[in-house]
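Visitor: Here you go, coords-v2.pdb (PDB, C-alpha atoms, pLDDT in the B column):
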```
ATOM      1  CA  MET A   1     -20.895 -28.620  68.804  1.00 54.00           C
ATOM      2  CA  GLY A   2     -20.681 -24.934  69.741  1.00 58.00           C
ATOM      3  CA  ASN A   3     -17.746 -25.598  72.077  1.00 68.00           C
ATOM      4  CA  ARG A   4     -15.778 -27.428  69.373  1.00 70.00           C
ATOM      5  CA  HIS A   5     -16.402 -24.608  66.867  1.00 64.00           C
ATOM      6  CA  SER A   6     -15.111 -21.985  69.314  1.00 66.00           C
ATOM      7  CA  GLN A   7     -11.981 -24.098  69.936  1.00 67.00           C
ATOM      8  CA  LEU A   8     -11.273 -24.279  66.196  1.00 63.00           C
ATOM      9  CA  VAL A   9     -11.754 -20.535  65.814  1.00 63.00           C
ATOM     10  CA  LEU A  10      -9.447 -19.902  68.782  1.00 65.00           C
ATOM     11  CA  LYS A  11      -6.765 -22.233  67.364  1.00 71.00           C
ATOM     12  CA  GLY A  12      -7.033 -20.542  63.974  1.00 70.00           C
ATOM     13  CA  PHE A  13      -6.726 -17.101  65.538  1.00 68.00           C
ATOM     14  CA  LEU A  14      -3.720 -18.142  67.633  1.00 69.00           C
ATOM     15  CA  GLY A  15      -2.041 -19.722  64.601  1.00 73.00           C
ATOM     16  CA  PHE A  16      -2.586 -16.563  62.575  1.00 74.00           C
ATOM     17  CA  PHE A  17      -1.267 -14.362  65.397  1.00 72.00           C
ATOM     18  CA  LEU A  18       1.791 -16.591  65.867  1.00 74.00           C
ATOM     19  CA  SER A  19       2.585 -16.502  62.135  1.00 74.00           C
ATOM     20  CA  ILE A  20       2.366 -12.678  62.143  1.00 75.00           C
ATOM     21  CA  VAL A  21       4.757 -12.499  65.111  1.00 72.00           C
ATOM     22  CA  ILE A  22       7.257 -14.868  63.484  1.00 73.00           C
ATOM     23  CA  MET A  23       7.193 -12.975  60.161  1.00 66.00           C
ATOM     24  CA  GLY A  24       7.650  -9.660  61.962  1.00 63.00           C
ATOM     25  CA  MET A  25      10.665 -10.917  63.878  1.00 60.00           C
ATOM     26  CA  SER A  26      12.397 -12.362  60.828  1.00 58.00           C
ATOM     27  CA  ALA A  27      11.691  -9.533  58.365  1.00 53.00           C
ATOM     28  CA  ASN A  28      15.091  -7.812  58.489  1.00 56.00           C
ATOM     29  CA  PRO A  29      17.467  -9.018  61.161  1.00 58.00           C
ATOM     30  CA  LEU A  30      20.682  -7.086  61.703  1.00 58.00           C
ATOM     31  CA  TRP A  31      23.706  -9.294  61.985  1.00 67.00           C
ATOM     32  CA  ALA A  32      26.707  -8.405  64.091  1.00 62.00           C
ATOM     33  CA  GLY A  33      28.846  -5.808  62.316  1.00 73.00           C
ATOM     34  CA  GLU A  34      26.359  -5.190  59.499  1.00 84.00           C
ATOM     35  CA  LYS A  35      25.608  -1.632  60.621  1.00 83.00           C
ATOM     36  CA  GLU A  36      29.311  -0.774  60.734  1.00 86.00           C
ATOM     37  CA  ASP A  37      29.847  -2.331  57.295  1.00 86.00           C
ATOM     38  CA  MET A  38      26.983  -0.297  55.836  1.00 87.00           C
ATOM     39  CA  GLU A  39      28.367   2.911  57.366  1.00 89.00           C
ATOM     40  CA  ALA A  40      31.833   2.186  55.970  1.00 88.00           C
ATOM     41  CA  MET A  41      30.426   1.521  52.500  1.00 89.00           C
ATOM     42  CA  GLN A  42      28.389   4.751  52.638  1.00 90.00           C
ATOM     43  CA  LYS A  43      31.463   6.766  53.679  1.00 89.00           C
ATOM     44  CA  ALA A  44      33.482   5.228  50.836  1.00 87.00           C
ATOM     45  CA  LEU A  45      30.742   6.049  48.325  1.00 84.00           C
ATOM     46  CA  ASN A  46      30.464   9.620  49.622  1.00 82.00           C
ATOM     47  CA  GLN A  47      34.222  10.099  49.295  1.00 84.00           C
ATOM     48  CA  GLU A  48      34.184   8.674  45.766  1.00 82.00           C
ATOM     49  CA  VAL A  49      31.489  11.174  44.746  1.00 72.00           C
ATOM     50  CA  LEU A  50      33.344  14.087  46.357  1.00 72.00           C
ATOM     51  CA  ASP A  51      36.630  13.148  44.679  1.00 76.00           C
ATOM     52  CA  LYS A  52      35.157  13.439  41.180  1.00 73.00           C
ATOM     53  CA  PRO A  53      35.621  16.912  39.726  1.00 68.00           C
ATOM     54  CA  PHE A  54      32.549  18.874  38.703  1.00 66.00           C
ATOM     55  CA  TYR A  55      31.885  18.722  34.984  1.00 69.00           C
ATOM     56  CA  PRO A  56      28.992  20.916  33.846  1.00 68.00           C
ATOM     57  CA  GLY A  57      29.077  19.608  30.311  1.00 70.00           C
ATOM     58  CA  ASP A  58      30.304  21.528  27.298  1.00 75.00           C
ATOM     59  CA  LYS A  59      31.862  24.595  28.930  1.00 81.00           C
ATOM     60  CA  ALA A  60      32.471  26.185  25.520  1.00 85.00           C
ATOM     61  CA  ALA A  61      28.725  26.030  24.835  1.00 84.00           C
ATOM     62  CA  VAL A  62      28.023  27.738  28.170  1.00 87.00           C
ATOM     63  CA  ASP A  63      30.583  30.470  27.429  1.00 88.00           C
ATOM     64  CA  ALA A  64      29.159  31.006  23.923  1.00 90.00           C
ATOM     65  CA  TYR A  65      25.626  31.240  25.353  1.00 90.00           C
ATOM     66  CA  LEU A  66      26.757  33.736  27.998  1.00 92.00           C
ATOM     67  CA  ASP A  67      28.675  35.909  25.539  1.00 92.00           C
ATOM     68  CA  GLN A  68      25.693  36.026  23.197  1.00 93.00           C
ATOM     69  CA  ALA A  69      23.220  36.753  26.009  1.00 92.00           C
ATOM     70  CA  ILE A  70      25.356  39.583  27.394  1.00 89.00           C
ATOM     71  CA  LYS A  71      25.802  41.109  23.894  1.00 92.00           C
ATOM     72  CA  LYS A  72      22.030  41.053  23.430  1.00 92.00           C
ATOM     73  CA  GLY A  73      21.440  42.474  26.896  1.00 90.00           C
ATOM     74  CA  VAL A  74      19.321  39.512  28.010  1.00 92.00           C
ATOM     75  CA  LYS A  75      18.629  39.719  31.732  1.00 93.00           C
ATOM     76  CA  PRO A  76      19.225  36.490  33.631  1.00 93.00           C
ATOM     77  CA  ILE A  77      16.550  34.624  35.533  1.00 90.00           C
ATOM     78  CA  GLU A  78      16.281  36.310  38.923  1.00 91.00           C
ATOM     79  CA  THR A  79      15.052  33.385  41.006  1.00 91.00           C
ATOM     80  CA  PRO A  80      17.650  30.951  42.255  1.00 92.00           C
ATOM     81  CA  PRO A  81      17.210  27.298  41.343  1.00 90.00           C
ATOM     82  CA  GLN A  82      15.370  24.954  43.642  1.00 87.00           C
ATOM     83  CA  GLY A  83      17.529  23.946  46.580  1.00 85.00           C
ATOM     84  CA  TRP A  84      19.841  26.977  46.413  1.00 90.00           C
ATOM     85  CA  ALA A  85      21.659  27.328  49.738  1.00 89.00           C
ATOM     86  CA  PRO A  86      23.660  30.130  51.350  1.00 88.00           C
ATOM     87  CA  GLY A  87      27.339  30.004  50.447  1.00 88.00           C
ATOM     88  CA  TRP A  88      26.841  28.055  47.249  1.00 90.00           C
ATOM     89  CA  THR A  89      28.462  28.831  43.914  1.00 90.00           C
ATOM     90  CA  CYS A  90      27.405  27.714  40.470  1.00 89.00           C
ATOM     91  CA  ASN A  91      29.611  24.625  40.882  1.00 85.00           C
ATOM     92  CA  ASN A  92      27.159  23.329  43.491  1.00 85.00           C
ATOM     93  CA  LEU A  93      24.513  22.942  40.776  1.00 85.00           C
ATOM     94  CA  THR A  94      25.832  19.631  39.494  1.00 78.00           C
ATOM     95  CA  TYR A  95      22.345  18.202  39.073  1.00 79.00           C
ATOM     96  CA  SER A  96      21.279  20.422  36.177  1.00 82.00           C
ATOM     97  CA  PHE A  97      23.096  21.876  33.183  1.00 85.00           C
ATOM     98  CA  THR A  98      20.380  24.520  32.758  1.00 88.00           C
ATOM     99  CA  ALA A  99      20.583  25.588  36.411  1.00 90.00           C
ATOM    100  CA  TYR A 100      24.378  25.841  36.090  1.00 90.00           C
ATOM    101  CA  ARG A 101      24.112  27.875  32.880  1.00 91.00           C
ATOM    102  CA  ASN A 102      21.514  30.240  34.387  1.00 93.00           C
ATOM    103  CA  CYS A 103      23.636  30.670  37.512  1.00 93.00           C
ATOM    104  CA  MET A 104      26.677  31.562  35.405  1.00 93.00           C
ATOM    105  CA  HIS A 105      24.569  34.062  33.444  1.00 94.00           C
ATOM    106  CA  TYR A 106      23.369  35.649  36.696  1.00 94.00           C
ATOM    107  CA  TYR A 107      26.949  35.766  38.017  1.00 93.00           C
ATOM    108  CA  ARG A 108      28.351  37.387  34.861  1.00 92.00           C
ATOM    109  CA  TYR A 109      25.518  39.859  34.633  1.00 92.00           C
ATOM    110  CA  TYR A 110      25.444  40.994  38.276  1.00 92.00           C
ATOM    111  CA  GLY A 111      28.958  40.015  39.400  1.00 92.00           C
ATOM    112  CA  ARG A 112      27.607  38.023  42.348  1.00 93.00           C
ATOM    113  CA  TYR A 113      25.747  34.818  43.079  1.00 93.00           C
ATOM    114  CA  TYR A 114      22.065  34.506  43.903  1.00 91.00           C
ATOM    115  CA  PRO A 115      20.997  36.207  47.149  1.00 84.00           C
ATOM    116  CA  TYR A 116      20.153  34.107  50.168  1.00 70.00           C
TER
END
```
How does this structure look as structure tokens?
Guide:
Amino acid sequence: MGNRHSQLVLKGFLGFFLSIVIMGMSANPLWAGEKEDMEAMQKALNQEVLDKPFYPGDKAAVDAYLDQAIKKGVKPIETPPQGWAPGWTCNNLTYSFTAYRNCMHYYRYYGRYYPY
């Protein structure tokens, strides 16, 4: 009886191992040309994003805020926004209206962009 039990355990273990191997091989197969298609779609999406002009929102509201802040003598926030990179301008801050507004305030106040 001990021999038959060990055979059943061995068959169960081999079946489990085989099913793991089969699932691992069929998880995400790449078909011929799929990588090139994905790269072409990514390039097209990147170009579409780059072709759109930057729109920071209500530019009149930003100008009104800046005029009022400069009249009051409010100093701008000194620290650049997260992710600020050398060579950037305020137009690179498309992800945040507040970051764009603060950058424009800094630029008008000091006449330059954030330091590197």
Visitor: Between atom CA of Ala99 of chain A and atom CA of Pro80 of chain A, what is the distance, to one decimal in Å?
Guide: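 Here the two named atoms are 8.5 Å from each other.
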Visitor: By how many Å are atom CA of Leu66 of chain A and atom CA of Cys103 of chain A apart?
Guide: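 These atoms are spaced 10.5 Å apart.
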Visitor: Between atom CA of Val62 of chain A and atom CA of Val74 of chain A, what is the spacing in Å?
Guide: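 Value for the atom CA of Val74 of chain A-atom CA of Val62 of chain A distance: 14.6 Å.
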Visitor: Please report, as AutoDock Vina command-line options, the centre and edge lengths in Å to one decimal of an axis-aligned box covering all listed atoms of segment 39-48 of chain A with 3 Å per side.
Guide:
```
--center_x 31.3 --center_y 5.8 --center_z 51.6 --size_x 11.9 --size_y 14.6 --size_z 17.6
```
Visitor: For the file shown, report as a PyMOL selection string the outcome of the PyMOL selection byres ((chain A and resi 90) around 6) at residue level.
Guide: chain A and resi 89+91-93+100+103
Visitor: Show me, as a PDB file with C-alpha atoms, keeping the file's coordinate frame, the residues that have an atom within 12 Å of Ile70 of chain A when counting only C-alpha atoms, minus same-chain residues fewer than 2 positions from it.
Guide:
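Saved as part.pdb:
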```
ATOM      1  CA  ASP A  63      30.583  30.470  27.429  1.00 88.00           C
ATOM      2  CA  ALA A  64      29.159  31.006  23.923  1.00 90.00           C
ATOM      3  CA  TYR A  65      25.626  31.240  25.353  1.00 90.00           C
ATOM      4  CA  LEU A  66      26.757  33.736  27.998  1.00 92.00           C
ATOM      5  CA  ASP A  67      28.675  35.909  25.539  1.00 92.00           C
ATOM      6  CA  GLN A  68      25.693  36.026  23.197  1.00 93.00           C
ATOM      7  CA  LYS A  72      22.030  41.053  23.430  1.00 92.00           C
ATOM      8  CA  GLY A  73      21.440  42.474  26.896  1.00 90.00           C
ATOM      9  CA  VAL A  74      19.321  39.512  28.010  1.00 92.00           C
ATOM     10  CA  LYS A  75      18.629  39.719  31.732  1.00 93.00           C
ATOM     11  CA  PRO A  76      19.225  36.490  33.631  1.00 93.00           C
ATOM     12  CA  MET A 104      26.677  31.562  35.405  1.00 93.00           C
ATOM     13  CA  HIS A 105      24.569  34.062  33.444  1.00 94.00           C
ATOM     14  CA  TYR A 106      23.369  35.649  36.696  1.00 94.00           C
ATOM     15  CA  TYR A 107      26.949  35.766  38.017  1.00 93.00           C
ATOM     16  CA  ARG A 108      28.351  37.387  34.861  1.00 92.00           C
ATOM     17  CA  TYR A 109      25.518  39.859  34.633  1.00 92.00           C
ATOM     18  CA  TYR A 110      25.444  40.994  38.276  1.00 92.00           C
TER      19      TYR A 110
END
```
